[in-house]
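Engineer: Quick one: the structure is below, and I'll ask about it shortly.
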Amino acid sequence: MFFAGVLSCLPVFFLVTGAITGEQELRANLQGVLQGQGRTQFVLFPMFPTARGFVELLLDAPEFYVVFWNSVKITLVILVGQLAAAVPAAWGFSRWHGKVSSVLFYIYTILMLLPFQVTMLSHYIVIDRLGMMDTHGSVVIPAVFSTFPVFLMYRSFLMIPEEVYEAFSLDGGSRFQAFCHIGVPLAMPGIKASVLLNMVEYWNMVEQPLLFLKTPSLWPFSIYIPNIGNEELSYIFAFSLVVLIPMALVILIGREELGRGIGAMAQVKQERGETDER
């Protein structure tokens with residue numbers, strides 16, 4: 001497992017190394033990739049380390065800040081919208097038991113399993129009819145109503161014992177109060193895990209903005225980087241490293257919350273399986 005972890009981290013290590021390597025040295029090391037012939041090699045440490053790529057990125061490239069803040073804006077708006085839509089939906093599925101609820105949740109599960117390529121045409125037609133093409137809303141709206149966060153949060157709400165709701169109702173609490181004071185606080189590990197997973201997903205999404213956004217000033221960094229070209233390799237490496245840092249920090253800070261939330265979901269699945277066997 002240790003060696004597998006080291007191998008999985010090698011691309012990040014080469015990215016860091018490339019970001020501090022000079023342009024000429026990078027071109028000499030990547031001849032096979034750039035010219036289709038010659039040798040391609042990755043060195044552990046550059047012969048002449050430099051910060052030129054970072055200087056050019058942060059001081060001489062205003063387009064970097066445009067696409068970076070576009071990504072921040074799109075990701076944050078999607079996450080806020082998902083909290084407003086997915087949390088009540090997940091709580092409703094966990095509390096509403098019956099055939100209709102089971103059918104609806106089954107449909108949710110099927111939609112979650114469908115890749116974007118399957119629903120791409122329908123998304124495009126709806127966005128075009130709404131007049132939202134080439135706006136950030138064309139990327140945000142479909143993601144806000146994604147079924148994946150509902151599925152994740154649903155498992156966390158199922159963890160809450162029925163006796164807790166019954167005791168709260170005996171004290172005179174309404175269903176809305178039970179949702180706010182019982183459901184959301186006790187399901188918070190699953191909600192946080194869903195937010196972290198979706199933050200990483202939408203920070204790096206490519207297909208949706210590539211399909212719906214045509215104006216370069218609206219692009220996130222994920223579709224801007226492939227259009228830079230191979231003329232400035234050190235700039236590309238520095239760009240890729242800088243946009244990697246926010247999500248790396250998010251996962252580093254929230255890894256315990258992520259593990260707690262995923263563990264809680266697995267526990268619910270195991271308990272339900274034991275109940276079905278009995």
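By convention here, the chains of the structure tokens are called A, B, ... in the order presented, each chain's residues are numbered starting at 1, and ligands are numbered starting at 1 in the order presented.
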Between segment 130-247 of chain A and segment 72-85 of chain A, at 9 Å or less, what are the per-residue closest atom pairs and their distances in Å? Count only C-alpha atoms, order by chain and rising residue number, and return it as JSON lines.
Structural biologist:
{"residue": "A:His136", "atom": "CA", "partner": "A:Ile74", "partner_atom": "CA", "distance": 6.9}
{"residue": "A:Gly137", "atom": "CA", "partner": "A:Ile74", "partner_atom": "CA", "distance": 8.6}
{"residue": "A:Val139", "atom": "CA", "partner": "A:Ile74", "partner_atom": "CA", "distance": 7.7}
{"residue": "A:Val140", "atom": "CA", "partner": "A:Ile78", "partner_atom": "CA", "distance": 5.5}
{"residue": "A:Ile141", "atom": "CA", "partner": "A:Ile78", "partner_atom": "CA", "distance": 7.6}
{"residue": "A:Ala143", "atom": "CA", "partner": "A:Ile78", "partner_atom": "CA", "distance": 6.3}
{"residue": "A:Val144", "atom": "CA", "partner": "A:Gln82", "partner_atom": "CA", "distance": 4.7}
{"residue": "A:Phe145", "atom": "CA", "partner": "A:Gln82", "partner_atom": "CA", "distance": 6.6}
{"residue": "A:Ser146", "atom": "CA", "partner": "A:Gln82", "partner_atom": "CA", "distance": 7.6}
{"residue": "A:Pro149", "atom": "CA", "partner": "A:Gln82", "partner_atom": "CA", "distance": 7.4}
{"residue": "A:Val150", "atom": "CA", "partner": "A:Ala85", "partner_atom": "CA", "distance": 8.5}
{"residue": "A:Ile191", "atom": "CA", "partner": "A:Leu83", "partner_atom": "CA", "distance": 8.3}
{"residue": "A:Val195", "atom": "CA", "partner": "A:Leu79", "partner_atom": "CA", "distance": 6.7}
{"residue": "A:Asn198", "atom": "CA", "partner": "A:Leu79", "partner_atom": "CA", "distance": 7.4}
{"residue": "A:Met199", "atom": "CA", "partner": "A:Thr75", "partner_atom": "CA", "distance": 6.5}
{"residue": "A:Val200", "atom": "CA", "partner": "A:Thr75", "partner_atom": "CA", "distance": 8.9}
{"residue": "A:Tyr202", "atom": "CA", "partner": "A:Thr75", "partner_atom": "CA", "distance": 5.8}
{"residue": "A:Trp203", "atom": "CA", "partner": "A:Thr75", "partner_atom": "CA", "distance": 5.9}
{"residue": "A:Pro220", "atom": "CA", "partner": "A:Ile74", "partner_atom": "CA", "distance": 8.1}
Engineer: Include C-alpha atoms and write out the residues we just selected as a PDB file, in the first residue's frame.
Structural biologist:
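Output saved as selection25.pdb:
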ATOM      1  CA  HIS A 136     -22.651  30.447 -15.868  1.00  0.00           C
ATOM      2  CA  GLY A 137     -26.244  29.503 -15.111  1.00  0.00           C
ATOM      3  CA  VAL A 139     -23.443  25.053 -15.796  1.00  0.00           C
ATOM      4  CA  VAL A 140     -24.806  25.844 -12.339  1.00  0.00           C
ATOM      5  CA  ILE A 141     -28.509  24.962 -12.678  1.00  0.00           C
ATOM      6  CA  ALA A 143     -25.472  20.718 -11.117  1.00  0.00           C
ATOM      7  CA  VAL A 144     -27.606  22.216  -8.339  1.00  0.00           C
ATOM      8  CA  PHE A 145     -30.289  19.599  -8.938  1.00  0.00           C
ATOM      9  CA  SER A 146     -27.868  16.701  -9.241  1.00  0.00           C
ATOM     10  CA  PRO A 149     -25.693  14.651  -3.111  1.00  0.00           C
ATOM     11  CA  VAL A 150     -29.266  13.550  -2.322  1.00  0.00           C
ATOM     12  CA  ILE A 191     -23.718  16.604   4.570  1.00  0.00           C
ATOM     13  CA  VAL A 195     -20.029  18.983   0.129  1.00  0.00           C
ATOM     14  CA  ASN A 198     -18.878  17.644  -4.809  1.00  0.00           C
ATOM     15  CA  MET A 199     -16.461  20.524  -4.290  1.00  0.00           C
ATOM     16  CA  VAL A 200     -13.634  18.473  -5.781  1.00  0.00           C
ATOM     17  CA  TYR A 202     -17.142  20.635  -9.724  1.00  0.00           C
ATOM     18  CA  TRP A 203     -13.800  22.353  -9.245  1.00  0.00           C
ATOM     19  CA  PRO A 220     -13.176  28.070 -15.684  1.00  0.00           C
TER      20      PRO A 220
END
Engineer: I want to know what sits within 12 Å of Arg175 of chain A, based on only C-alpha atoms, with residues of the same chain fewer than 3 positions away left out; could you give that as a list in words?
Structural biologist: Pro88, Trp91, Gly92, Arg95, Trp96, Tyr165, Glu166, Phe168, Ser169, Leu170, Asp171, Gly172, Ala178, Phe179, Cys180, His181, Ile182 and Gly183 of chain A
Engineer: Include C-alpha atoms and write out the residues we just selected as a short mmCIF file (atom, residue, chain, number, x, y, z; two decimals), in the first residue's frame.
Structural biologist:
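Result file follows (again.cif):
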data_model
loop_
_atom_site.label_atom_id
_atom_site.label_comp_id
_atom_site.auth_asym_id
_atom_site.auth_seq_id
_atom_site.Cartn_x
_atom_site.Cartn_y
_atom_site.Cartn_z
CA PRO A 88 -34.54 18.85 2.25
CA TRP A 91 -34.56 14.33 4.59
CA GLY A 92 -37.90 13.89 2.85
CA ARG A 95 -38.90 10.28 6.48
CA TRP A 96 -41.43 9.47 3.76
CA TYR A 165 -38.17 12.07 16.23
CA GLU A 166 -40.93 10.58 18.38
CA PHE A 168 -39.19 15.51 19.78
CA SER A 169 -42.80 15.36 18.55
CA LEU A 170 -44.04 14.53 22.06
CA ASP A 171 -42.41 17.76 23.23
CA GLY A 172 -44.53 19.68 20.75
CA ALA A 178 -37.46 18.42 13.69
CA PHE A 179 -35.70 18.93 10.36
CA CYS A 180 -33.80 21.99 11.59
CA HIS A 181 -32.99 20.90 15.16
CA ILE A 182 -32.73 17.11 14.84
CA GLY A 183 -32.24 16.05 11.22
#
Engineer: Can you measure atom CA of Leu252 of chain A to atom CA of Leu210 of chain A for me? One decimal in Å is fine.
Structural biologist: 29.0 Å
Engineer: So which residues of segment 15-205 of chain A fall under helix (DSSP H, G or I) by DSSP, listed as a VMD selection string?
Structural biologist: chain A and resid 15 to 19 23 to 29 31 to 35 52 to 59 62 to 95 99 to 113 116 to 129 137 to 144 148 to 158 162 to 170 175 to 186 188 to 203
Engineer: Extract, using only C-alpha atoms, all DNA, RNA and protein residues at most 7 Å from Thr50 of chain A, discarding same-chain residues fewer than 3 positions from it, and format them as a list of chain:residue names.
Structural biologist: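 Residues near the query, excluding close chain neighbours: A:Ile20, A:Thr21, A:Gly22.
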Engineer: Using atom CA of Ala90 of chain A and atom CA of Met153 of chain A as the two end points, give the distance in Å to one decimal.
Structural biologist: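 These atoms are spaced 5.8 Å apart.
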Engineer: Record the distance separating atom CA of Tyr154 of chain A and atom CA of Ile107 of chain A, expressed in Å with one decimal.
Structural biologist: 14.2 Å
